[in-house]
Amino acid sequence: IASGFFLHDIGKSQIPLKVLNKPGPLDSEEWAIMKTHPQMGYDLLTKFNHMTPEAKIIVLEHHERHSGSGYPNGIRGEKIHIYSKVCTIADVFEALVAKRPYKKQKTFFDALKIMKEQMNQDFDPEFFRKFVLLFTDQRVRLKYA
């Protein structure tokens, strides 16, 4: 599982550098190329047969969304593997709080607020609730658990 989380973006190694390192927003053609990275990563891990099925499915599904609006296959809800659901939340959170050349990093609070208010339909509600609880005071979490 940890290998899948660590390697979830390995397919980006197959994306042209001019797309991967573009400092501004991607155009529709570049975005279509970028959206191929989960399948490319899955295919790469399958070709070399060094990963567990769970690791490969995390790589394939980490951009799928609970609402079905994700990619590469547009699967939804319970059809998304449980480990992929966890990786999706962590990946989005990291993207929001990371410092990138093309955007300002968000605070943990602001990232969670954006995820709740603007992306809530993208995540399994129970998994997201538990993720938010990771940021609460331990004494509060025990009192209300």
# chains A, B, ... in the order shown; residues from 1 in each chain; ligands from 1
call {"tool": "residues_around", "arguments": {"residues": "Gln121 in chain A", "least_positions_apart": "6", "cutoff": "8 Å", "atoms": "only C-alpha atoms", "output": "PyMOL selection string"}}
result
chain A and resi 65-67
call {"tool": "write_last_selection", "arguments": {"atoms": "N, CA, C and O atoms", "output": "short mmCIF file (atom, residue, chain, number, x, y, z; two decimals), in the first residue's frame"}}
result
data_model
loop_
_atom_site.label_atom_id
_atom_site.label_comp_id
_atom_site.auth_asym_id
_atom_site.auth_seq_id
_atom_site.Cartn_x
_atom_site.Cartn_y
_atom_site.Cartn_z
N ARG A 65 -12.89 10.30 -8.72
CA ARG A 65 -13.61 11.09 -7.74
C ARG A 65 -14.91 10.41 -7.35
O ARG A 65 -15.56 9.76 -8.17
N HIS A 66 -15.30 10.58 -6.10
CA HIS A 66 -16.50 9.96 -5.55
C HIS A 66 -17.72 10.26 -6.42
O HIS A 66 -18.60 9.42 -6.59
N SER A 67 -17.75 11.44 -7.01
CA SER A 67 -18.88 11.87 -7.84
C SER A 67 -18.86 11.25 -9.24
O SER A 67 -19.82 11.37 -9.98
#
call {"tool": "residues_around", "arguments": {"residues": "range 84-93 of chain A", "least_positions_apart": "2", "cutoff": "8 Å", "atoms": "only C-alpha atoms", "output": "PyMOL selection string"}}
result
chain A and resi 5+57-59+61-65+80-82+95-97+111-112+115+123-124+127-128+131
call {"tool": "write_last_selection", "arguments": {"atoms": "C-alpha atoms", "output": "mmCIF file, in the first residue's frame"}}
result
data_model
loop_
_atom_site.group_PDB
_atom_site.id
_atom_site.type_symbol
_atom_site.label_atom_id
_atom_site.label_comp_id
_atom_site.auth_asym_id
_atom_site.auth_seq_id
_atom_site.Cartn_x
_atom_site.Cartn_y
_atom_site.Cartn_z
ATOM 1 C CA PHE A 5 0.983 5.935 -2.240
ATOM 2 C CA ILE A 57 -4.790 0.182 -8.409
ATOM 3 C CA ILE A 58 -3.779 3.188 -6.259
ATOM 4 C CA VAL A 59 -1.646 4.455 -9.139
ATOM 5 C CA GLU A 61 -7.337 5.405 -9.494
ATOM 6 C CA HIS A 62 -5.790 8.289 -7.529
ATOM 7 C CA HIS A 63 -7.591 10.876 -9.701
ATOM 8 C CA GLU A 64 -10.975 9.148 -9.653
ATOM 9 C CA ARG A 65 -13.612 11.095 -7.744
ATOM 10 C CA ILE A 80 -13.190 3.173 -6.310
ATOM 11 C CA HIS A 81 -10.786 1.024 -4.317
ATOM 12 C CA ILE A 82 -10.594 1.895 -0.625
ATOM 13 C CA ALA A 95 -1.358 19.784 -3.828
ATOM 14 C CA LEU A 96 -3.109 22.578 -1.948
ATOM 15 C CA VAL A 97 -0.517 23.016 0.818
ATOM 16 C CA ALA A 111 -6.791 23.584 2.339
ATOM 17 C CA LEU A 112 -9.329 21.682 4.445
ATOM 18 C CA MET A 115 -11.732 20.630 0.164
ATOM 19 C CA PHE A 123 -14.319 12.480 -1.690
ATOM 20 C CA ASP A 124 -15.950 9.596 0.114
ATOM 21 C CA PHE A 127 -13.059 9.049 4.597
ATOM 22 C CA PHE A 128 -12.966 12.834 4.383
ATOM 23 C CA PHE A 131 -9.138 12.816 7.448
#
call {"tool": "select_by_dssp", "arguments": {"residues": "range 65-115 of chain A", "states": "alpha helix (DSSP H)", "output": "PyMOL selection string"}}
result
chain A and resi 82-97+108-115
call {"tool": "write_last_selection", "arguments": {"atoms": "N, CA and C atoms", "output": "mmCIF file, in the first residue's frame"}}
result
data_model
loop_
_atom_site.group_PDB
_atom_site.id
_atom_site.type_symbol
_atom_site.label_atom_id
_atom_site.label_comp_id
_atom_site.auth_asym_id
_atom_site.auth_seq_id
_atom_site.Cartn_x
_atom_site.Cartn_y
_atom_site.Cartn_z
ATOM 1 N N ILE A 82 -10.726 1.232 -1.922
ATOM 2 C CA ILE A 82 -10.594 1.895 -0.625
ATOM 3 C C ILE A 82 -9.236 2.608 -0.474
ATOM 4 N N TYR A 83 -8.166 1.994 -0.930
ATOM 5 C CA TYR A 83 -6.845 2.622 -0.808
ATOM 6 C C TYR A 83 -6.709 3.826 -1.738
ATOM 7 N N SER A 84 -7.359 3.759 -2.889
ATOM 8 C CA SER A 84 -7.344 4.891 -3.814
ATOM 9 C C SER A 84 -8.086 6.082 -3.216
ATOM 10 N N LYS A 85 -9.160 5.817 -2.480
ATOM 11 C CA LYS A 85 -9.906 6.894 -1.829
ATOM 12 C C LYS A 85 -9.024 7.657 -0.844
ATOM 13 N N VAL A 86 -8.223 6.928 -0.097
ATOM 14 C CA VAL A 86 -7.312 7.549 0.863
ATOM 15 C C VAL A 86 -6.253 8.367 0.124
ATOM 16 N N CYS A 87 -5.668 7.787 -0.910
ATOM 17 C CA CYS A 87 -4.635 8.472 -1.674
ATOM 18 C C CYS A 87 -5.177 9.742 -2.324
ATOM 19 N N THR A 88 -6.401 9.693 -2.824
ATOM 20 C CA THR A 88 -7.012 10.856 -3.455
ATOM 21 C C THR A 88 -7.064 12.036 -2.495
ATOM 22 N N ILE A 89 -7.531 11.799 -1.293
ATOM 23 C CA ILE A 89 -7.643 12.875 -0.295
ATOM 24 C C ILE A 89 -6.269 13.422 0.050
ATOM 25 N N ALA A 90 -5.320 12.543 0.302
ATOM 26 C CA ALA A 90 -3.964 12.989 0.647
ATOM 27 C C ALA A 90 -3.317 13.744 -0.512
ATOM 28 N N ASP A 91 -3.533 13.286 -1.730
ATOM 29 C CA ASP A 91 -2.948 13.920 -2.914
ATOM 30 C C ASP A 91 -3.504 15.334 -3.116
ATOM 31 N N VAL A 92 -4.801 15.494 -2.973
ATOM 32 C CA VAL A 92 -5.418 16.817 -3.124
ATOM 33 C C VAL A 92 -4.931 17.743 -2.020
ATOM 34 N N PHE A 93 -4.901 17.245 -0.796
ATOM 35 C CA PHE A 93 -4.435 18.070 0.327
ATOM 36 C C PHE A 93 -2.994 18.529 0.095
ATOM 37 N N GLU A 94 -2.142 17.601 -0.310
ATOM 38 C CA GLU A 94 -0.732 17.942 -0.555
ATOM 39 C C GLU A 94 -0.613 18.968 -1.675
ATOM 40 N N ALA A 95 -1.408 18.827 -2.721
ATOM 41 C CA ALA A 95 -1.358 19.784 -3.828
ATOM 42 C C ALA A 95 -1.744 21.189 -3.362
ATOM 43 N N LEU A 96 -2.674 21.269 -2.444
ATOM 44 C CA LEU A 96 -3.109 22.578 -1.948
ATOM 45 C C LEU A 96 -2.084 23.223 -1.014
ATOM 46 N N VAL A 97 -1.444 22.430 -0.166
ATOM 47 C CA VAL A 97 -0.517 23.016 0.818
ATOM 48 C C VAL A 97 0.916 23.139 0.301
ATOM 49 N N PHE A 108 -2.937 24.659 6.226
ATOM 50 C CA PHE A 108 -3.693 23.422 6.418
ATOM 51 C C PHE A 108 -5.184 23.735 6.547
ATOM 52 N N PHE A 109 -5.509 24.760 7.358
ATOM 53 C CA PHE A 109 -6.913 25.124 7.558
ATOM 54 C C PHE A 109 -7.571 25.521 6.241
ATOM 55 N N ASP A 110 -6.912 26.382 5.476
ATOM 56 C CA ASP A 110 -7.485 26.829 4.199
ATOM 57 C C ASP A 110 -7.650 25.668 3.227
ATOM 58 N N ALA A 111 -6.691 24.751 3.217
ATOM 59 C CA ALA A 111 -6.791 23.584 2.339
ATOM 60 C C ALA A 111 -8.002 22.731 2.712
ATOM 61 N N LEU A 112 -8.179 22.467 4.000
ATOM 62 C CA LEU A 112 -9.329 21.682 4.445
ATOM 63 C C LEU A 112 -10.637 22.395 4.129
ATOM 64 N N LYS A 113 -10.654 23.710 4.268
ATOM 65 C CA LYS A 113 -11.854 24.492 3.965
ATOM 66 C C LYS A 113 -12.194 24.400 2.469
ATOM 67 N N ILE A 114 -11.197 24.538 1.618
ATOM 68 C CA ILE A 114 -11.422 24.408 0.172
ATOM 69 C C ILE A 114 -11.936 23.009 -0.162
ATOM 70 N N MET A 115 -11.317 22.003 0.430
ATOM 71 C CA MET A 115 -11.732 20.630 0.164
ATOM 72 C C MET A 115 -13.182 20.404 0.592
#
call {"tool": "residues_around", "arguments": {"residues": "Ile10 in chain A", "least_positions_apart": "2", "cutoff": "12 Å", "atoms": "only C-alpha atoms", "output": "PDB file with N, CA, C and O atoms, in the first residue's frame"}}
result
ATOM      1  N   SER A   3       3.835   1.614  -1.064  1.00  0.00           N
ATOM      2  CA  SER A   3       4.464   1.767  -2.379  1.00  0.00           C
ATOM      3  C   SER A   3       3.517   2.434  -3.365  1.00  0.00           C
ATOM      4  O   SER A   3       3.922   3.284  -4.154  1.00  0.00           O
ATOM      5  N   GLY A   4       2.265   2.075  -3.332  1.00  0.00           N
ATOM      6  CA  GLY A   4       1.274   2.694  -4.197  1.00  0.00           C
ATOM      7  C   GLY A   4       1.114   4.174  -3.906  1.00  0.00           C
ATOM      8  O   GLY A   4       1.037   4.995  -4.821  1.00  0.00           O
ATOM      9  N   PHE A   5       1.089   4.518  -2.613  1.00  0.00           N
ATOM     10  CA  PHE A   5       0.983   5.935  -2.240  1.00  0.00           C
ATOM     11  C   PHE A   5       2.225   6.693  -2.702  1.00  0.00           C
ATOM     12  O   PHE A   5       2.130   7.778  -3.256  1.00  0.00           O
ATOM     13  N   PHE A   6       3.371   6.089  -2.480  1.00  0.00           N
ATOM     14  CA  PHE A   6       4.636   6.741  -2.844  1.00  0.00           C
ATOM     15  C   PHE A   6       4.767   6.907  -4.357  1.00  0.00           C
ATOM     16  O   PHE A   6       5.270   7.920  -4.840  1.00  0.00           O
ATOM     17  N   LEU A   7       4.307   5.915  -5.103  1.00  0.00           N
ATOM     18  CA  LEU A   7       4.475   5.907  -6.563  1.00  0.00           C
ATOM     19  C   LEU A   7       3.235   6.376  -7.330  1.00  0.00           C
ATOM     20  O   LEU A   7       3.197   6.254  -8.554  1.00  0.00           O
ATOM     21  N   HIS A   8       2.257   6.955  -6.652  1.00  0.00           N
ATOM     22  CA  HIS A   8       0.985   7.261  -7.318  1.00  0.00           C
ATOM     23  C   HIS A   8       1.150   8.108  -8.580  1.00  0.00           C
ATOM     24  O   HIS A   8       0.385   7.967  -9.518  1.00  0.00           O
ATOM     25  N   LYS A  12       3.694  10.215 -14.401  1.00  0.00           N
ATOM     26  CA  LYS A  12       4.156  11.527 -14.860  1.00  0.00           C
ATOM     27  C   LYS A  12       5.557  11.449 -15.457  1.00  0.00           C
ATOM     28  O   LYS A  12       5.955  12.344 -16.201  1.00  0.00           O
ATOM     29  N   SER A  13       6.278  10.380 -15.159  1.00  0.00           N
ATOM     30  CA  SER A  13       7.603  10.207 -15.759  1.00  0.00           C
ATOM     31  C   SER A  13       7.506   9.999 -17.267  1.00  0.00           C
ATOM     32  O   SER A  13       8.493  10.137 -17.983  1.00  0.00           O
ATOM     33  N   GLN A  14       6.310   9.698 -17.755  1.00  0.00           N
ATOM     34  CA  GLN A  14       6.082   9.472 -19.177  1.00  0.00           C
ATOM     35  C   GLN A  14       5.481  10.709 -19.877  1.00  0.00           C
ATOM     36  O   GLN A  14       5.251  10.671 -21.080  1.00  0.00           O
ATOM     37  N   ILE A  15       5.228  11.744 -19.119  1.00  0.00           N
ATOM     38  CA  ILE A  15       4.639  12.974 -19.668  1.00  0.00           C
ATOM     39  C   ILE A  15       5.765  13.866 -20.185  1.00  0.00           C
ATOM     40  O   ILE A  15       6.780  14.037 -19.505  1.00  0.00           O
ATOM     41  N   THR A  36      -3.422  11.355 -18.827  1.00  0.00           N
ATOM     42  CA  THR A  36      -3.039   9.970 -19.150  1.00  0.00           C
ATOM     43  C   THR A  36      -2.086   9.378 -18.115  1.00  0.00           C
ATOM     44  O   THR A  36      -1.833   8.177 -18.133  1.00  0.00           O
ATOM     45  N   HIS A  37      -1.562  10.196 -17.194  1.00  0.00           N
ATOM     46  CA  HIS A  37      -0.519   9.684 -16.305  1.00  0.00           C
ATOM     47  C   HIS A  37      -0.967   8.554 -15.368  1.00  0.00           C
ATOM     48  O   HIS A  37      -0.170   7.665 -15.089  1.00  0.00           O
ATOM     49  N   PRO A  38      -2.211   8.500 -14.883  1.00  0.00           N
ATOM     50  CA  PRO A  38      -2.573   7.346 -14.050  1.00  0.00           C
ATOM     51  C   PRO A  38      -2.517   6.023 -14.824  1.00  0.00           C
ATOM     52  O   PRO A  38      -1.982   5.029 -14.321  1.00  0.00           O
ATOM     53  N   GLN A  39      -3.050   6.025 -16.043  1.00  0.00           N
ATOM     54  CA  GLN A  39      -3.012   4.805 -16.849  1.00  0.00           C
ATOM     55  C   GLN A  39      -1.575   4.448 -17.222  1.00  0.00           C
ATOM     56  O   GLN A  39      -1.190   3.281 -17.184  1.00  0.00           O
ATOM     57  N   MET A  40      -0.772   5.458 -17.580  1.00  0.00           N
ATOM     58  CA  MET A  40       0.631   5.200 -17.917  1.00  0.00           C
ATOM     59  C   MET A  40       1.379   4.608 -16.729  1.00  0.00           C
ATOM     60  O   MET A  40       2.196   3.701 -16.894  1.00  0.00           O
ATOM     61  N   GLY A  41       1.119   5.126 -15.547  1.00  0.00           N
ATOM     62  CA  GLY A  41       1.763   4.597 -14.345  1.00  0.00           C
ATOM     63  C   GLY A  41       1.355   3.157 -14.081  1.00  0.00           C
ATOM     64  O   GLY A  41       2.188   2.301 -13.772  1.00  0.00           O
ATOM     65  N   TYR A  42       0.065   2.893 -14.204  1.00  0.00           N
ATOM     66  CA  TYR A  42      -0.439   1.534 -14.026  1.00  0.00           C
ATOM     67  C   TYR A  42       0.204   0.578 -15.028  1.00  0.00           C
ATOM     68  O   TYR A  42       0.671  -0.508 -14.663  1.00  0.00           O
ATOM     69  N   ASP A  43       0.257   1.003 -16.291  1.00  0.00           N
ATOM     70  CA  ASP A  43       0.852   0.174 -17.342  1.00  0.00           C
ATOM     71  C   ASP A  43       2.339  -0.073 -17.080  1.00  0.00           C
ATOM     72  O   ASP A  43       2.835  -1.184 -17.285  1.00  0.00           O
ATOM     73  N   LEU A  44       3.018   0.940 -16.604  1.00  0.00           N
ATOM     74  CA  LEU A  44       4.447   0.815 -16.299  1.00  0.00           C
ATOM     75  C   LEU A  44       4.675  -0.201 -15.182  1.00  0.00           C
ATOM     76  O   LEU A  44       5.533  -1.087 -15.291  1.00  0.00           O
ATOM     77  N   LEU A  45       3.902  -0.090 -14.113  1.00  0.00           N
ATOM     78  CA  LEU A  45       4.051  -1.036 -12.995  1.00  0.00           C
ATOM     79  C   LEU A  45       3.651  -2.452 -13.398  1.00  0.00           C
ATOM     80  O   LEU A  45       4.251  -3.424 -12.942  1.00  0.00           O
ATOM     81  N   ALA A  55      -1.090  -1.732  -4.977  1.00  0.00           N
ATOM     82  CA  ALA A  55      -0.247  -0.586  -5.346  1.00  0.00           C
ATOM     83  C   ALA A  55      -0.603  -0.110  -6.748  1.00  0.00           C
ATOM     84  O   ALA A  55      -0.716   1.105  -6.995  1.00  0.00           O
ATOM     85  N   LYS A  56      -0.809  -1.036  -7.649  1.00  0.00           N
ATOM     86  CA  LYS A  56      -1.135  -0.662  -9.033  1.00  0.00           C
ATOM     87  C   LYS A  56      -2.490   0.030  -9.117  1.00  0.00           C
ATOM     88  O   LYS A  56      -2.646   0.998  -9.862  1.00  0.00           O
ATOM     89  N   ILE A  58      -3.939   1.831  -6.803  1.00  0.00           N
ATOM     90  CA  ILE A  58      -3.779   3.188  -6.259  1.00  0.00           C
ATOM     91  C   ILE A  58      -3.245   4.116  -7.342  1.00  0.00           C
ATOM     92  O   ILE A  58      -3.741   5.231  -7.526  1.00  0.00           O
ATOM     93  N   VAL A  59      -2.235   3.658  -8.056  1.00  0.00           N
ATOM     94  CA  VAL A  59      -1.646   4.455  -9.139  1.00  0.00           C
ATOM     95  C   VAL A  59      -2.702   4.753 -10.202  1.00  0.00           C
ATOM     96  O   VAL A  59      -2.821   5.889 -10.679  1.00  0.00           O
ATOM     97  N   LEU A  60      -3.502   3.771 -10.556  1.00  0.00           N
ATOM     98  CA  LEU A  60      -4.514   3.935 -11.596  1.00  0.00           C
ATOM     99  C   LEU A  60      -5.663   4.852 -11.165  1.00  0.00           C
ATOM    100  O   LEU A  60      -6.132   5.677 -11.943  1.00  0.00           O
ATOM    101  N   HIS A  62      -5.957   7.169  -8.468  1.00  0.00           N
ATOM    102  CA  HIS A  62      -5.790   8.289  -7.529  1.00  0.00           C
ATOM    103  C   HIS A  62      -6.400   9.606  -7.995  1.00  0.00           C
ATOM    104  O   HIS A  62      -6.502  10.545  -7.206  1.00  0.00           O
TER     105      HIS A  62
END
call {"tool": "atom_distance", "arguments": {"atom1": "CA of Ser28 in chain A", "atom2": "CA of Arg76 in chain A"}}
result
23.4 Å
call {"tool": "closest_residue", "arguments": {"among": "A:Asp27, A:Glu54, A:Asp122, A:Glu78", "to": "Ile1 in chain A", "atoms": "only C-alpha atoms"}}
result
A:Glu54
call {"tool": "residues_around", "arguments": {"residues": "range 98-102 of chain A", "least_positions_apart": "6", "cutoff": "9 Å", "atoms": "only C-alpha atoms", "output": "JSON, numbers by chain"}}
result
{"A": [22, 23, 24, 25]}
call {"tool": "atom_distance", "arguments": {"atom1": "CA of Ile33 in chain A", "atom2": "CA of Val19 in chain A"}}
result
8.0 Å
